[in-house]
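One structure below.
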Amino acid sequence: MAGRICSEARKRVAVALSGTKKSAVAARVLQERGYDVFGVHMLAWNEPDARGSYLGEKQWRAVQAISKHLGMECFQIDCVKLYWNEVFTPAIEGYSRGISLNPDLMMNREIFFGPMLERCVKQYGADYLAIGACAVVRVDPAGDGQQVQLLCPADSRMSDDAYWLSQIPQLAMQRALLPLGNMSLDDIDKVFVESGLSKVAIGRKVRGFSGIGVRNFRALMSEYIGDRPGPIALLNGEVVGAHRGVHYFTEGQTISFVWRSEWPRPKGSSRYFVSRRDASTRTLFVADGYENPAFYSEDLIVRNLHWVSGEPPAGLSKDRPITLGMKNRHSVDKITARVLECPKSVAGNQRLLMTVSTAIRGVNPGQICSIYDGDVCLGGGPVHNCRTQSPKQPPLVPDALPRPVSLFDE
């Protein structure tokens, strides 16, 4: 599974440096391959995190140390306003409506391989933008010589970062270099230590809300959305408690609440989990038991499809399903799914019905479902609707999710 190798000498490459291990190793590997490498660092947030530290300052110091160690230039690009408008605000608005948008995916699409790539090309003369992602970009063997494909990493022990890149446009993908994708974890560790980068890099990925660092999620939601109290209800609609806001929770999450005297506690498990969030009525539906069918979905509607190649996969139709791979989270393994185009799907508003081979727990509306043909990531789109295995599932509210009368409903 060979990635692209630059055939022209001394192509200029901007490496997006976060100050951490993978991006530092990516820069070193590209230097060894003969590229003219310089570093760029995105400043996304200029407020302190939960620990009172400024993520941007910490990362920038590490980026400068890495660049000095590797003997290359580095530039900081102020993306604070862009991040606020294109990533943070839409994500917060999504959470307020019970939709789980992923800021990592949004940041890759809206910033890294959008305005930041454009600036690297126009202002700094870059031919490519490289990131420390564990995925492979290669020339499509069936394409025109310019078209590229996105693939899973060569080492199956690596996390599949193709998921994070599944929404990148084809033209931007053609300017992407992913030098770690064809390496093994052992090779990455070896370069990190032998090059001396372990002495200057942060070492591990920065945790927390992407771009802003370590923040308590509940405190973050409270600060930017505030409390929007509503009822906690069982699947049959019986109200059993109250909550501060559906945006504090996600589907499948365990929940603790006080059972009031006027709401007698039903028989069953002592542990309850969120089954569904209804932002329109501010209702949080819960069910008992981790393995409750109310948490598992086999049928999903995915819409607003983005295809890496610009075209849907061959054979996709409204009449006969095709079998592809899929995942709705970065950290899970791919599973197979029978994929059918919805009857009301049209160009520009494509919808797919995906029936998975293994029921998925805790599907959240807004999650990106990435779609695969073997190791090739074809693209994907956000989960719009899902049907759980529970026969007790109440009607879904249109503002939160479409009614489950038919999975093909608009």
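Each chain in the structure tokens gets a letter, A, B and so on, in the order shown; residues start at 1 in every chain, and ligands are counted from 1 in the order they appear.
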### Message
Can you tell me which residues surround A:Leu300 at a distance of at most 6 Å, considering only C-alpha atoms, apart from same-chain residues fewer than 2 positions away, and format the answer as a VMD selection string?
### Response
chain A and resid 353 to 354 385 to 386
Let me see the file: selected residues, C-alpha atoms, as a PDB file, in the first residue's frame.
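result-v7.pdb was written with the following content:
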```pdb
ATOM      1  CA  LEU A 353     -29.740   3.853   4.438  1.00  0.00           C
ATOM      2  CA  MET A 354     -27.053   1.769   6.120  1.00  0.00           C
ATOM      3  CA  ASN A 385     -31.480   9.329  11.979  1.00  0.00           C
ATOM      4  CA  CYS A 386     -31.267   5.866  13.493  1.00  0.00           C
TER       5      CYS A 386
END
```
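Contact shell of stretch 125-137 of chain A at 6 Å (only C-alpha atoms; same-chain neighbours under 6 positions omitted): Gly3, Arg12, Val13, Ala14, Val15, Ala16, Lys22, Ser23, Ala26, Gln149, Leu150, Leu151, Cys152, Pro153, Asp161, Ala162, Arg175, Ala176, Leu177, Leu178, Leu180 and Gly181 of chain A.
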Go ahead and save the picked residues with N, CA and C atoms, as an mmCIF file, in the first residue's frame.
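Done, and the output landed in part_39.cif:
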```cif
data_model
loop_
_atom_site.group_PDB
_atom_site.id
_atom_site.type_symbol
_atom_site.label_atom_id
_atom_site.label_comp_id
_atom_site.auth_asym_id
_atom_site.auth_seq_id
_atom_site.Cartn_x
_atom_site.Cartn_y
_atom_site.Cartn_z
ATOM 1 N N GLY A 3 2.257 4.951 -0.553
ATOM 2 C CA GLY A 3 1.759 6.315 -0.612
ATOM 3 C C GLY A 3 2.453 7.079 -1.716
ATOM 4 N N ARG A 12 8.528 22.037 -1.677
ATOM 5 C CA ARG A 12 8.425 22.748 -0.397
ATOM 6 C C ARG A 12 7.160 22.287 0.333
ATOM 7 N N VAL A 13 7.349 21.901 1.584
ATOM 8 C CA VAL A 13 6.250 21.317 2.363
ATOM 9 C C VAL A 13 6.077 22.055 3.684
ATOM 10 N N ALA A 14 4.836 22.479 3.945
ATOM 11 C CA ALA A 14 4.477 23.022 5.250
ATOM 12 C C ALA A 14 3.989 21.870 6.113
ATOM 13 N N VAL A 15 4.581 21.713 7.284
ATOM 14 C CA VAL A 15 4.142 20.670 8.216
ATOM 15 C C VAL A 15 3.374 21.330 9.347
ATOM 16 N N ALA A 16 2.123 20.905 9.531
ATOM 17 C CA ALA A 16 1.317 21.440 10.630
ATOM 18 C C ALA A 16 1.816 20.843 11.932
ATOM 19 N N LYS A 22 3.710 13.001 16.909
ATOM 20 C CA LYS A 22 3.461 12.592 15.525
ATOM 21 C C LYS A 22 3.803 13.685 14.523
ATOM 22 N N SER A 23 3.409 14.917 14.826
ATOM 23 C CA SER A 23 3.696 15.988 13.878
ATOM 24 C C SER A 23 5.197 16.258 13.792
ATOM 25 N N ALA A 26 6.690 13.535 11.676
ATOM 26 C CA ALA A 26 6.333 13.773 10.277
ATOM 27 C C ALA A 26 7.304 14.754 9.638
ATOM 28 N N GLN A 149 -6.476 8.873 -3.581
ATOM 29 C CA GLN A 149 -7.313 8.100 -2.673
ATOM 30 C C GLN A 149 -6.818 8.276 -1.251
ATOM 31 N N LEU A 150 -7.736 8.086 -0.301
ATOM 32 C CA LEU A 150 -7.414 8.123 1.129
ATOM 33 C C LEU A 150 -7.546 6.718 1.670
ATOM 34 N N LEU A 151 -6.502 6.228 2.335
ATOM 35 C CA LEU A 151 -6.489 4.852 2.827
ATOM 36 C C LEU A 151 -6.189 4.790 4.318
ATOM 37 N N CYS A 152 -6.542 3.652 4.911
ATOM 38 C CA CYS A 152 -6.196 3.373 6.303
ATOM 39 C C CYS A 152 -4.680 3.218 6.417
ATOM 40 N N PRO A 153 -4.112 3.366 7.630
ATOM 41 C CA PRO A 153 -2.661 3.225 7.786
ATOM 42 C C PRO A 153 -2.210 1.799 7.522
ATOM 43 N N ASP A 161 -6.658 7.248 11.205
ATOM 44 C CA ASP A 161 -6.892 8.691 11.094
ATOM 45 C C ASP A 161 -7.542 9.082 9.772
ATOM 46 N N ALA A 162 -7.763 8.099 8.878
ATOM 47 C CA ALA A 162 -8.524 8.400 7.665
ATOM 48 C C ALA A 162 -9.920 8.894 8.040
ATOM 49 N N ARG A 175 -3.031 17.987 -2.261
ATOM 50 C CA ARG A 175 -1.889 18.730 -1.701
ATOM 51 C C ARG A 175 -1.517 18.226 -0.305
ATOM 52 N N ALA A 176 -2.081 17.096 0.106
ATOM 53 C CA ALA A 176 -1.799 16.553 1.438
ATOM 54 C C ALA A 176 -0.672 15.528 1.383
ATOM 55 N N LEU A 177 0.233 15.598 2.341
ATOM 56 C CA LEU A 177 1.258 14.577 2.541
ATOM 57 C C LEU A 177 1.064 13.996 3.940
ATOM 58 N N LEU A 178 1.034 12.671 4.020
ATOM 59 C CA LEU A 178 0.845 11.966 5.296
ATOM 60 C C LEU A 178 1.982 10.962 5.463
ATOM 61 N N LEU A 180 3.424 9.475 7.869
ATOM 62 C CA LEU A 180 3.395 8.417 8.882
ATOM 63 C C LEU A 180 2.559 7.218 8.448
ATOM 64 N N GLY A 181 1.737 7.382 7.421
ATOM 65 C CA GLY A 181 0.776 6.346 7.074
ATOM 66 C C GLY A 181 1.372 5.016 6.683
#
```
### Task
Determine, counting only C-alpha atoms, which protein, DNA and RNA residues have an atom within 12 Å of an atom of stretch 85-91 of chain A; residues of the same chain fewer than 6 positions away are not included. Present the result as a PyMOL selection string.
chain A and resi 44-45+79+97-112+114-115+209-212+220-221+224-225+247+366-367
#### Entry: Shortest interatomic distance to A:Asn349 - which of A:Ser159, A:Thr250, A:Ser184, A:Asn304, counting only C-alpha atoms
A:Asn304
### Task
Write out as a list in words the residues lying within 6 Å of A:Ser370, counting only C-alpha atoms and excluding same-chain residues fewer than 6 positions away.
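Close residues of A:Ser370: Met326, Lys327, Gly379 and Gly380 of chain A.
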Can I get the selection written as a PDB file, in the first residue's frame, with N, CA and C atoms?
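Saved file selection.pdb follows:
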```
ATOM      1  N   MET A 326     -17.964   0.607   7.386  1.00  0.00           N
ATOM      2  CA  MET A 326     -18.323   1.891   7.983  1.00  0.00           C
ATOM      3  C   MET A 326     -17.865   1.939   9.432  1.00  0.00           C
ATOM      4  N   LYS A 327     -17.739   3.148   9.929  1.00  0.00           N
ATOM      5  CA  LYS A 327     -17.540   3.376  11.365  1.00  0.00           C
ATOM      6  C   LYS A 327     -18.123   4.731  11.703  1.00  0.00           C
ATOM      7  N   GLY A 379     -15.253   8.366   1.944  1.00  0.00           N
ATOM      8  CA  GLY A 379     -15.845   9.623   2.396  1.00  0.00           C
ATOM      9  C   GLY A 379     -16.824   9.342   3.512  1.00  0.00           C
ATOM     10  N   GLY A 380     -17.951  10.055   3.517  1.00  0.00           N
ATOM     11  CA  GLY A 380     -18.947   9.828   4.560  1.00  0.00           C
ATOM     12  C   GLY A 380     -19.814  11.049   4.770  1.00  0.00           C
TER      13      GLY A 380
END
```
### Query
Taking only C-alpha atoms into account, which of A:Asn46, A:Val25, A:Gly245, A:Ser309 comes nearest A:Asp227?
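Selected residue with least distance to A:Asp227: A:Gly245.
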